[in-house]
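Visitor: File name model33.tsv; file contents TSV, C-alpha atoms; full text below.
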chain	number	residue	atom	x	y	z
K	524	MET	CA	91.98	84.89	125.70
K	525	LYS	CA	92.33	85.26	129.48
K	526	ASN	CA	95.92	86.47	129.30
K	527	PHE	CA	95.70	88.17	125.90
K	528	ASN	CA	94.33	91.69	125.53
K	529	PRO	CA	94.62	92.87	121.93
K	530	ALA	CA	93.97	96.52	122.81
K	531	ASP	CA	97.03	96.48	125.08
K	532	ARG	CA	99.10	95.07	122.22
K	533	ILE	CA	98.03	97.98	120.01
K	534	GLN	CA	98.59	100.48	122.84
K	535	ASP	CA	102.14	99.22	123.37
K	536	LEU	CA	103.20	99.86	119.77
K	537	GLN	CA	105.39	102.92	119.40
K	538	TYR	CA	106.31	104.38	116.04
K	539	PHE	CA	108.14	107.67	115.49
K	540	GLY	CA	107.78	109.69	112.33
K	541	GLU	CA	110.81	110.61	110.26
K	542	PHE	CA	111.07	113.99	111.99
K	543	GLY	CA	109.99	112.83	115.43
K	544	GLY	CA	106.27	112.92	114.68
K	545	VAL	CA	103.91	110.96	116.93
K	546	ASN	CA	102.45	109.40	113.78
K	547	PRO	CA	104.72	107.37	111.52
K	548	SER	CA	105.72	109.13	108.31
K	549	ILE	CA	103.74	108.21	105.20
K	550	SER	CA	105.85	106.78	102.42
K	551	ASP	CA	104.10	108.19	99.36
K	552	SER	CA	106.27	106.47	96.78
K	553	SER	CA	105.68	103.63	94.37
K	554	THR	CA	109.39	102.88	93.91
K	555	TYR	CA	112.55	103.29	95.98
K	556	THR	CA	116.14	104.16	95.14
K	557	PHE	CA	119.34	102.27	96.00
K	558	LEU	CA	122.86	103.50	96.62
K	559	SER	CA	124.29	100.38	94.99
K	560	ALA	CA	123.21	97.86	92.38
K	561	LYS	CA	124.12	95.01	94.75
K	562	THR	CA	121.64	96.23	97.35
K	563	MET	CA	118.89	96.24	94.70
K	564	PHE	CA	119.80	92.65	93.78
K	565	ASP	CA	119.83	91.58	97.45
K	566	THR	CA	116.44	93.21	98.01
K	567	PHE	CA	114.96	91.37	95.04
K	568	GLU	CA	116.29	88.14	96.53
K	569	GLY	CA	114.81	89.00	99.94
K	570	ASN	CA	118.22	89.29	101.59
K	571	ALA	CA	118.29	93.01	102.46
K	572	GLU	CA	116.54	93.87	105.71
K	573	GLY	CA	114.88	97.30	105.87
K	574	CYS	CA	115.23	98.07	102.16
K	575	TYR	CA	112.28	98.75	99.88
K	576	LEU	CA	112.08	98.08	96.18
K	577	TYR	CA	108.56	98.66	94.88
K	578	SER	CA	105.31	99.34	96.77
K	579	ARG	CA	103.53	96.27	95.40
K	580	HIS	CA	106.14	94.25	97.30
K	581	SER	CA	105.93	96.30	100.49
K	582	SER	CA	106.10	99.87	101.73
K	583	PRO	CA	106.97	101.35	105.13
K	584	SER	CA	103.38	102.53	105.66
K	585	ASN	CA	101.93	99.11	104.92
K	586	LEU	CA	104.45	97.40	107.17
K	587	TYR	CA	103.55	99.68	110.10
K	588	LEU	CA	99.92	98.56	109.74
K	589	ASP	CA	100.98	94.93	109.19
K	590	LYS	CA	102.81	94.93	112.53
K	591	ALA	CA	99.93	96.58	114.36
K	592	LEU	CA	97.35	94.08	113.08
K	593	ALA	CA	99.62	91.10	113.74
K	594	ALA	CA	100.00	92.38	117.30
K	595	MET	CA	96.22	92.73	117.59
K	596	GLU	CA	95.62	89.13	116.49
K	597	GLY	CA	98.66	87.69	118.24
K	598	THR	CA	100.19	86.27	115.05
K	599	GLU	CA	103.79	86.41	113.86
K	600	SER	CA	103.06	88.56	110.84
K	601	ALA	CA	100.38	90.11	108.64
K	602	ASN	CA	99.88	91.47	105.14
K	603	VAL	CA	97.40	94.24	104.34
K	604	ALA	CA	95.46	94.36	101.09
K	605	ALA	CA	93.34	96.83	99.15
K	606	SER	CA	90.07	95.12	100.16
K	607	GLY	CA	88.70	92.30	102.26
K	608	MET	CA	88.33	90.15	99.15
K	609	GLY	CA	91.90	91.15	98.28
K	610	ALA	CA	92.90	89.34	101.47
K	611	ILE	CA	90.55	86.34	101.19
K	612	THR	CA	91.10	85.34	97.58
K	613	PRO	CA	94.94	85.27	97.52
K	614	THR	CA	94.93	83.33	100.80
K	615	LEU	CA	92.72	80.58	99.40
K	616	LEU	CA	94.58	80.49	96.09
K	617	GLN	CA	97.91	80.25	97.91
K	618	LEU	CA	96.66	77.24	99.86
K	619	CYS	CA	94.79	75.44	97.07
K	620	GLY	CA	95.36	74.41	93.47
K	621	ASN	CA	93.92	72.15	90.81
K	622	GLY	CA	92.30	69.06	92.37
K	623	ASP	CA	92.14	70.47	95.89
K	624	HIS	CA	89.07	70.78	98.08
K	625	ILE	CA	87.75	73.33	100.60
K	626	VAL	CA	85.20	72.78	103.35
K	627	SER	CA	83.44	76.07	104.05
K	628	SER	CA	80.70	77.34	106.27
K	629	ARG	CA	77.48	77.75	104.30
K	630	THR	CA	76.75	81.15	105.88
K	631	ILE	CA	79.53	83.47	104.81
K	632	TYR	CA	79.85	86.84	103.12
K	633	GLY	CA	78.23	86.77	99.68
K	634	GLY	CA	81.43	87.73	97.88
K	635	THR	CA	83.35	84.87	99.50
K	636	TYR	CA	80.51	82.47	98.70
K	637	ALA	CA	80.51	83.57	95.03
K	638	PHE	CA	84.28	83.15	94.83
K	639	LEU	CA	84.11	79.61	96.19
K	640	LYS	CA	80.95	78.59	94.35
K	641	ASN	CA	81.48	80.22	90.95
K	642	PHE	CA	85.11	81.25	90.47
K	643	VAL	CA	87.53	78.67	91.88
K	644	PRO	CA	85.89	75.71	90.07
K	645	ARG	CA	87.49	77.19	86.92
K	646	MET	CA	90.82	76.32	88.54
K	647	GLY	CA	89.77	72.82	89.52
K	648	ILE	CA	89.12	73.67	93.16
K	649	LYS	CA	85.94	72.25	94.71
K	650	THR	CA	84.08	73.48	97.79
K	651	THR	CA	81.63	71.72	100.09
K	652	PHE	CA	79.40	74.07	102.08
K	653	VAL	CA	78.34	72.84	105.52
K	654	ASP	CA	76.59	73.94	108.68
K	655	ILE	CA	79.68	75.03	110.58
K	656	THR	CA	77.95	74.59	113.94
K	657	LYS	CA	77.64	70.82	113.40
K	658	LEU	CA	81.13	69.47	114.02
K	659	ASP	CA	80.29	65.94	112.90
K	660	VAL	CA	79.01	67.26	109.58
K	661	VAL	CA	82.14	69.39	109.17
K	662	GLU	CA	84.47	66.45	109.77
K	663	ALA	CA	82.45	64.14	107.51
K	664	ALA	CA	82.89	66.60	104.63
K	665	ILE	CA	86.70	66.42	104.76
K	666	THR	CA	88.30	64.32	101.99
K	667	PRO	CA	91.91	63.32	101.24
K	668	ASN	CA	92.05	66.34	98.88
K	669	THR	CA	90.83	68.88	101.45
K	670	LYS	CA	93.35	71.62	102.11
K	671	VAL	CA	91.29	74.30	103.90
K	672	LEU	CA	88.54	74.58	106.48
K	673	TYR	CA	87.02	78.06	106.11
K	674	CYS	CA	84.59	79.91	108.34
K	675	GLU	CA	83.66	83.25	109.89
K	676	THR	CA	83.85	83.67	113.67
K	677	VAL	CA	80.34	85.13	113.57
K	678	SER	CA	78.73	84.44	110.23
K	679	ASN	CA	77.34	86.96	107.78
K	680	PRO	CA	74.40	87.47	107.94
K	681	LEU	CA	72.85	84.83	110.23
K	682	LEU	CA	75.28	85.39	113.13
K	683	GLU	CA	76.05	81.70	113.56
K	684	VAL	CA	79.06	81.19	115.81
K	685	ALA	CA	81.95	78.93	114.82
K	686	ASP	CA	83.48	76.90	117.67
K	687	ILE	CA	87.00	77.79	116.60
K	688	ALA	CA	88.85	75.70	119.18
K	689	SER	CA	86.94	72.55	118.17
K	690	LEU	CA	87.32	73.31	114.46
K	691	ALA	CA	91.05	73.81	115.01
K	692	LYS	CA	91.31	70.33	116.52
K	693	ILE	CA	89.53	68.85	113.49
K	694	ALA	CA	91.81	70.79	111.11
K	695	LYS	CA	94.95	69.67	112.93
K	696	LYS	CA	93.75	66.05	112.99
K	697	HIS	CA	93.38	66.08	109.20
K	698	ASN	CA	96.47	68.25	108.54
K	699	ILE	CA	94.51	71.06	106.89
K	700	LYS	CA	94.55	74.82	107.47
K	701	LEU	CA	91.80	76.57	109.43
K	702	VAL	CA	91.14	80.00	107.92
K	703	VAL	CA	88.86	82.30	109.91
K	704	ASP	CA	87.31	85.59	108.82
K	705	ASN	CA	87.13	87.61	112.06
K	706	THR	CA	85.62	90.79	110.57
K	707	PHE	CA	82.55	90.82	112.85
K	708	SER	CA	84.48	90.33	116.09
K	709	PRO	CA	87.78	92.24	116.30
K	710	LEU	CA	89.22	92.42	119.84
K	711	SER	CA	86.33	90.29	121.16
K	712	VAL	CA	87.79	87.10	119.68
K	713	ALA	CA	91.38	86.20	118.77
K	714	PRO	CA	91.00	83.13	116.50
K	715	GLY	CA	94.76	82.59	116.35
K	716	LYS	CA	94.82	82.09	120.10
K	717	LEU	CA	92.04	79.49	119.73
K	718	GLY	CA	93.96	77.47	117.14
K	719	ALA	CA	93.19	79.09	113.76
K	720	ASP	CA	96.10	79.08	111.30
K	721	ILE	CA	95.11	82.21	109.40
K	722	VAL	CA	92.93	85.13	110.46
K	723	ILE	CA	91.40	87.54	107.95
K	724	HIS	CA	89.67	90.88	108.37
K	725	SER	CA	87.92	93.28	106.10
K	726	LEU	CA	89.52	96.49	107.40
K	727	THR	CA	86.68	98.35	105.70
K	728	LYS	CA	84.41	97.53	108.63
K	729	TYR	CA	85.08	97.89	112.37
K	730	ILE	CA	88.84	98.27	112.29
K	731	ASN	CA	88.73	101.41	110.15
K	732	GLY	CA	85.29	102.34	111.42
K	733	SER	CA	84.55	105.43	109.34
K	734	SER	CA	83.18	103.96	106.09
K	735	ASP	CA	85.70	105.87	104.00
K	736	THR	CA	88.24	103.16	103.18
K	737	VAL	CA	88.25	99.69	101.66
K	738	GLY	CA	90.93	97.33	102.93
K	739	GLY	CA	91.78	93.86	104.17
K	740	VAL	CA	94.44	91.94	106.07
K	741	VAL	CA	95.79	88.40	106.40
K	742	CYS	CA	97.28	87.59	109.82
K	743	ALA	CA	99.33	84.40	109.99
K	744	SER	CA	102.76	82.86	110.54
K	745	GLN	CA	105.79	84.57	109.05
K	746	GLU	CA	106.22	81.56	106.79
K	747	PHE	CA	102.74	81.91	105.28
K	748	ILE	CA	102.99	85.69	104.86
K	749	ASN	CA	106.34	85.24	103.14
K	750	SER	CA	104.75	82.72	100.78
K	751	LEU	CA	101.96	85.19	99.92
K	752	LYS	CA	104.56	87.87	99.10
K	753	ASN	CA	107.01	85.65	97.21
K	754	VAL	CA	107.95	87.31	93.91
K	755	ASN	CA	107.83	84.02	92.00
K	756	ASP	CA	104.66	82.29	93.22
K	757	GLY	CA	103.04	84.42	95.92
K	758	ALA	CA	99.33	85.03	95.27
K	759	SER	CA	99.29	88.44	96.96
K	760	MET	CA	102.40	89.51	95.08
K	761	LEU	CA	101.28	88.29	91.66
K	762	LEU	CA	97.59	89.23	91.84
K	763	GLY	CA	98.53	92.67	93.12
K	764	PRO	CA	95.85	93.60	95.71
K	765	THR	CA	98.17	96.22	97.22
K	766	MET	CA	96.92	98.73	99.78
K	767	ASP	CA	97.79	102.36	99.11
K	768	SER	CA	100.16	103.93	101.65
K	769	LEU	CA	97.83	106.83	102.39
K	770	ARG	CA	95.03	104.38	103.16
K	771	SER	CA	97.31	102.36	105.42
K	772	ALA	CA	98.13	105.49	107.41
K	773	SER	CA	94.43	106.33	107.68
K	774	VAL	CA	93.48	102.86	108.97
K	775	MET	CA	96.40	102.95	111.39
K	776	LYS	CA	95.06	106.11	113.03
K	777	ASN	CA	91.54	104.69	113.37
K	778	LEU	CA	92.81	101.38	114.76
K	779	ARG	CA	93.86	103.19	117.94
K	780	THR	CA	90.25	103.90	118.92
K	781	LEU	CA	88.92	100.44	118.05
K	782	HIS	CA	88.72	99.32	121.69
K	783	ILE	CA	86.55	102.29	122.65
K	784	ARG	CA	84.29	101.87	119.64
K	785	MET	CA	83.81	98.10	120.04
K	786	LYS	CA	82.72	98.52	123.66
K	787	GLN	CA	80.03	101.01	122.64
K	788	HIS	CA	78.90	99.02	119.59
K	789	SER	CA	78.53	95.93	121.81
K	790	HIS	CA	76.79	97.80	124.63
K	791	ASN	CA	74.24	99.33	122.26
K	792	ALA	CA	73.59	96.09	120.38
K	793	MET	CA	73.05	94.16	123.60
K	794	TYR	CA	70.61	96.82	124.84
K	795	LEU	CA	68.54	96.80	121.64
K	796	ALA	CA	68.61	93.00	121.31
K	797	ASN	CA	67.21	92.59	124.83
K	798	LYS	CA	64.51	95.18	124.18
K	799	PHE	CA	63.43	93.79	120.81
K	800	GLU	CA	63.33	90.22	122.10
K	801	ALA	CA	61.23	91.32	125.08
K	802	ASP	CA	58.85	93.02	122.61
K	803	GLY	CA	58.30	89.68	120.89
K	804	ILE	CA	60.37	90.31	117.78
K	805	LYS	CA	62.45	87.38	116.51
K	806	THR	CA	65.93	88.66	117.38
K	807	VAL	CA	69.30	87.01	116.81
K	808	TYR	CA	72.29	88.29	118.76
K	809	PRO	CA	75.10	86.16	120.23
K	810	GLY	CA	74.77	87.99	123.54
K	811	LEU	CA	71.22	86.72	124.08
K	812	LYS	CA	70.75	83.52	126.05
K	813	SER	CA	68.32	82.43	123.31
K	814	HIS	CA	71.16	82.32	120.76
K	815	PRO	CA	72.00	78.64	120.19
K	816	SER	CA	75.75	79.28	120.54
K	817	HIS	CA	75.57	81.80	123.37
K	818	GLU	CA	77.35	79.60	125.92
K	819	ILE	CA	80.11	78.63	123.48
K	820	TYR	CA	80.63	82.22	122.43
K	821	LYS	CA	80.89	83.31	126.07
K	822	THR	CA	83.93	81.07	126.43
K	823	MET	CA	85.54	82.49	123.26
K	824	ILE	CA	85.29	86.23	123.80
K	825	ASN	CA	87.23	88.77	125.76
K	826	PRO	CA	84.22	89.98	127.82
K	827	GLU	CA	85.60	93.51	127.99
K	828	TYR	CA	84.60	94.00	124.34
K	829	GLY	CA	81.27	92.23	124.50
K	830	PHE	CA	79.34	90.25	121.93
K	831	GLY	CA	79.76	92.66	119.03
K	832	GLY	CA	77.64	95.20	117.23
K	833	MET	CA	75.80	92.96	114.75
K	834	MET	CA	72.23	91.75	115.23
K	835	THR	CA	69.27	90.67	113.12
K	836	ILE	CA	65.54	90.87	113.47
K	837	ASP	CA	62.86	89.19	111.37
K	838	VAL	CA	59.81	91.30	110.57
K	839	GLY	CA	58.07	88.66	108.45
K	840	THR	CA	58.15	89.93	104.88
K	841	LEU	CA	60.49	91.78	102.53
K	842	ASP	CA	57.90	94.53	102.06
K	843	LYS	CA	57.75	95.15	105.81
K	844	ALA	CA	61.54	95.02	106.07
K	845	ASN	CA	61.95	97.58	103.29
K	846	ALA	CA	59.26	99.86	104.72
K	847	LEU	CA	60.81	99.74	108.18
K	848	MET	CA	64.31	100.49	106.90
K	849	GLU	CA	63.06	103.38	104.80
K	850	LEU	CA	61.15	104.86	107.75
K	851	MET	CA	64.11	104.47	110.11
K	852	GLN	CA	66.33	106.26	107.61
K	853	GLU	CA	63.73	109.01	107.23
K	854	ARG	CA	63.69	109.43	111.04
K	855	ASN	CA	67.49	109.75	111.09
K	856	LEU	CA	68.02	106.48	112.95
K	857	GLY	CA	70.65	105.29	110.51
K	858	TYR	CA	71.25	104.49	106.87
K	859	LEU	CA	69.79	101.89	104.54
K	860	ALA	CA	73.22	100.74	103.44
K	861	VAL	CA	75.43	97.67	103.30
K	862	SER	CA	78.67	97.25	105.26
K	863	LEU	CA	79.15	97.69	108.99
K	864	GLY	CA	81.18	99.36	111.71
K	865	PHE	CA	80.08	102.96	111.02
K	866	TYR	CA	79.32	105.43	113.81
K	867	LYS	CA	75.68	105.50	112.64
K	868	THR	CA	73.54	102.39	112.54
K	869	LEU	CA	73.43	100.67	109.14
K	870	PHE	CA	70.66	98.30	108.10
K	871	SER	CA	69.97	96.15	105.07
K	872	ALA	CA	67.95	93.13	103.94
K	873	PRO	CA	70.82	90.69	103.32
K	874	GLY	CA	68.87	88.38	101.03
K	875	THR	CA	68.68	91.15	98.44
K	876	SER	CA	72.03	92.80	99.21
K	877	THR	CA	75.14	91.36	100.87
K	878	SER	CA	74.02	87.74	100.39
K	879	SER	CA	72.31	88.16	97.03
K	880	GLU	CA	74.99	85.99	95.40
K	881	ILE	CA	73.55	83.00	97.26
K	882	PRO	CA	70.72	81.34	95.26
K	883	LEU	CA	67.24	81.78	96.75
K	884	GLU	CA	66.74	78.08	97.43
K	885	GLU	CA	70.01	77.96	99.36
K	886	GLN	CA	69.07	81.11	101.29
K	887	ALA	CA	65.85	79.40	102.35
K	888	GLU	CA	67.69	76.22	103.32
K	889	MET	CA	70.08	78.09	105.62
K	890	GLY	CA	67.28	80.16	107.20
K	891	LEU	CA	67.90	83.47	105.45
K	892	THR	CA	64.31	84.70	105.31
K	893	ASP	CA	62.76	87.53	103.29
K	894	GLY	CA	61.88	89.54	106.38
K	895	LEU	CA	65.39	89.46	107.87
K	896	ILE	CA	67.04	92.82	108.60
K	897	ARG	CA	70.73	92.93	109.46
K	898	PHE	CA	71.75	95.76	111.77
K	899	SER	CA	75.21	97.15	112.36
K	900	ILE	CA	74.44	99.08	115.54
K	901	GLY	CA	76.09	102.48	115.79
K	902	LEU	CA	77.76	104.47	118.56
K	903	ASP	CA	74.59	106.24	119.76
K	904	ASN	CA	75.15	107.92	123.12
K	905	ASP	CA	71.53	107.55	124.33
K	906	ILE	CA	70.54	104.06	123.21
K	907	GLU	CA	67.21	104.18	125.08
K	908	ARG	CA	66.23	107.17	122.91
K	909	THR	CA	67.21	105.18	119.82
K	910	TYR	CA	65.15	102.22	120.98
K	911	GLN	CA	62.05	104.32	121.58
K	912	MET	CA	62.33	105.87	118.13
K	913	MET	CA	62.84	102.48	116.46
K	914	LYS	CA	59.92	101.02	118.39
K	915	GLN	CA	57.69	103.89	117.22
K	916	CYS	CA	58.60	103.09	113.62
K	917	MET	CA	57.68	99.45	114.19
K	918	VAL	CA	54.36	100.33	115.79
K	919	GLU	CA	53.44	102.64	112.91
K	920	LEU	CA	54.12	99.90	110.33
K	921	GLY	CA	52.42	97.12	112.26
K	922	VAL	CA	55.64	95.24	112.99
K	923	LEU	CA	54.74	95.60	116.68
Show me the file's structure as structure tokens.

Guide:
Amino acid sequence: MKNFNPADRIQDLQYFGEFGGVNPSISDSSTYTFLSAKTMFDTFEGNAEGCYLYSRHSSPSNLYLDKALAAMEGTESANVAASGMGAITPTLLQLCGNGDHIVSSRTIYGGTYAFLKNFVPRMGIKTTFVDITKLDVVEAAITPNTKVLYCETVSNPLLEVADIASLAKIAKKHNIKLVVDNTFSPLSVAPGKLGADIVIHSLTKYINGSSDTVGGVVCASQEFINSLKNVNDGASMLLGPTMDSLRSASVMKNLRTLHIRMKQHSHNAMYLANKFEADGIKTVYPGLKSHPSHEIYKTMINPEYGFGGMMTIDVGTLDKANALMELMQERNLGYLAVSLGFYKTLFSAPGTSTSSEIPLEEQAEMGLTDGLIRFSIGLDNDIERTYQMMKQCMVELGVL
């Protein structure tokens, strides 16, 4: 990460619109015409550079965003999708088939967990869920049939940190692919530079940043992206999770301010985490020295972009958590809503929302308690003012 600054890679991209516009032109077409039948045939065969056939295959607008996100992650190529799950599921299905095995972190996004736990067994794919922070446990779970090691850089919702460089060594040793969901830590961490084979984002979150678009991306080698888009057996091609061109153009514009936004998200989250911990509230944030993976994470991040905008606190009970979130929303401190990366703070009780797919006994085993509140800290200009208002809410409800 020392010699790799993803914001500079984005800054250095230069696209001209069809008529000289500073924004690339939006290709609002589902299908494209050819001047000769041979060119259409060559395009179908993948032998015609710069020609477009049908927008499920690719479109100019999607390819602009592909290139920008590949540059951001430092990978050869990328493929955008209509949602984060539209990036995750084809990736795993491209890598695995009947009889194959996946080793996955136990603390992952609820939708990914449900896909691995409930859906892929129909196809004969098995998953072992492990504590990703225990490298010996991870390696012990690998079998001769294992094809994928899957994790999130910073896990949802417990904010456990994956030691990507060490996991990459394990994956390489066993000739399996390391797939990393980097949604919580764009710019801060570049998993591909730490040894990950494939990097995934939900574009819905920080990268777009305005809570008005659903999208995803797979960043990987050109060979893997080509396999995803193969017309005969590519999972992204055949399952059809295509991003709309207008949405691609929208995400592209917001991507340009990501570096500014991530700095403020991280600054605000660090400020609040320090304050809440000093007040005696159980606070989890990778930037705190009390976080069990703080020292590892320090070596992984680009410090310019900080430790991210996600934090959790534990207020003891679900009733207290719900009351606090409702009062904070009433006081205009943010929204009681799922997702993350918005300009306003978002808060939710993950056990009954984003991680509700995980059975209660498994939630308890991994430490996902009833009183846990997950915060996506916003872009507040005066974070001390925000803290004082949040603290007042906590005092009124007996949390403090």

Visitor: Which is closest to Ser578 of chain K among K:Gly718, K:Gly732, K:Pro764, K:Gly544, if we use only C-alpha atoms?

Guide: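 Answer, going by the shortest atom-to-atom distance: K:Pro764.
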
Visitor: Please determine an axis-aligned box that encloses all atoms of segment 558-561 of chain K listed in the file, with 3 Å added on each side, and express its centre and edge lengths in Å to one decimal as JSON.

Guide:
{"center_x": 123.6, "center_y": 99.3, "center_z": 94.5, "size_x": 7.4, "size_y": 14.5, "size_z": 10.2}

Visitor: Just to confirm, what's the straight-line distance from atom CA of Arg629 of chain K to atom CA of Ile721 of chain K in Å (one decimal)?

Guide: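 So the answer is 18.9 Å.
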
Visitor: Residues near Leu781 of chain K, anyone? I mean within 12 Å using only C-alpha atoms, not counting same-chain ones fewer than 4 positions away, as a PyMOL selection string.

Guide: chain K and resi 529-531+533-534+592+595+708-711+726+728-733+774-777+785-789+828+864-866+902

Visitor: Do you know which residues are at most 6 Å from segment 683-690 of chain K counting all atoms listed in the file, after dropping those on the same chain fewer than 5 positions away, and could you put them as a list in words?

Guide: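 Selected residues are Thr656, Thr676, Val677, Ser678, Leu717 and Gly718 of chain K.
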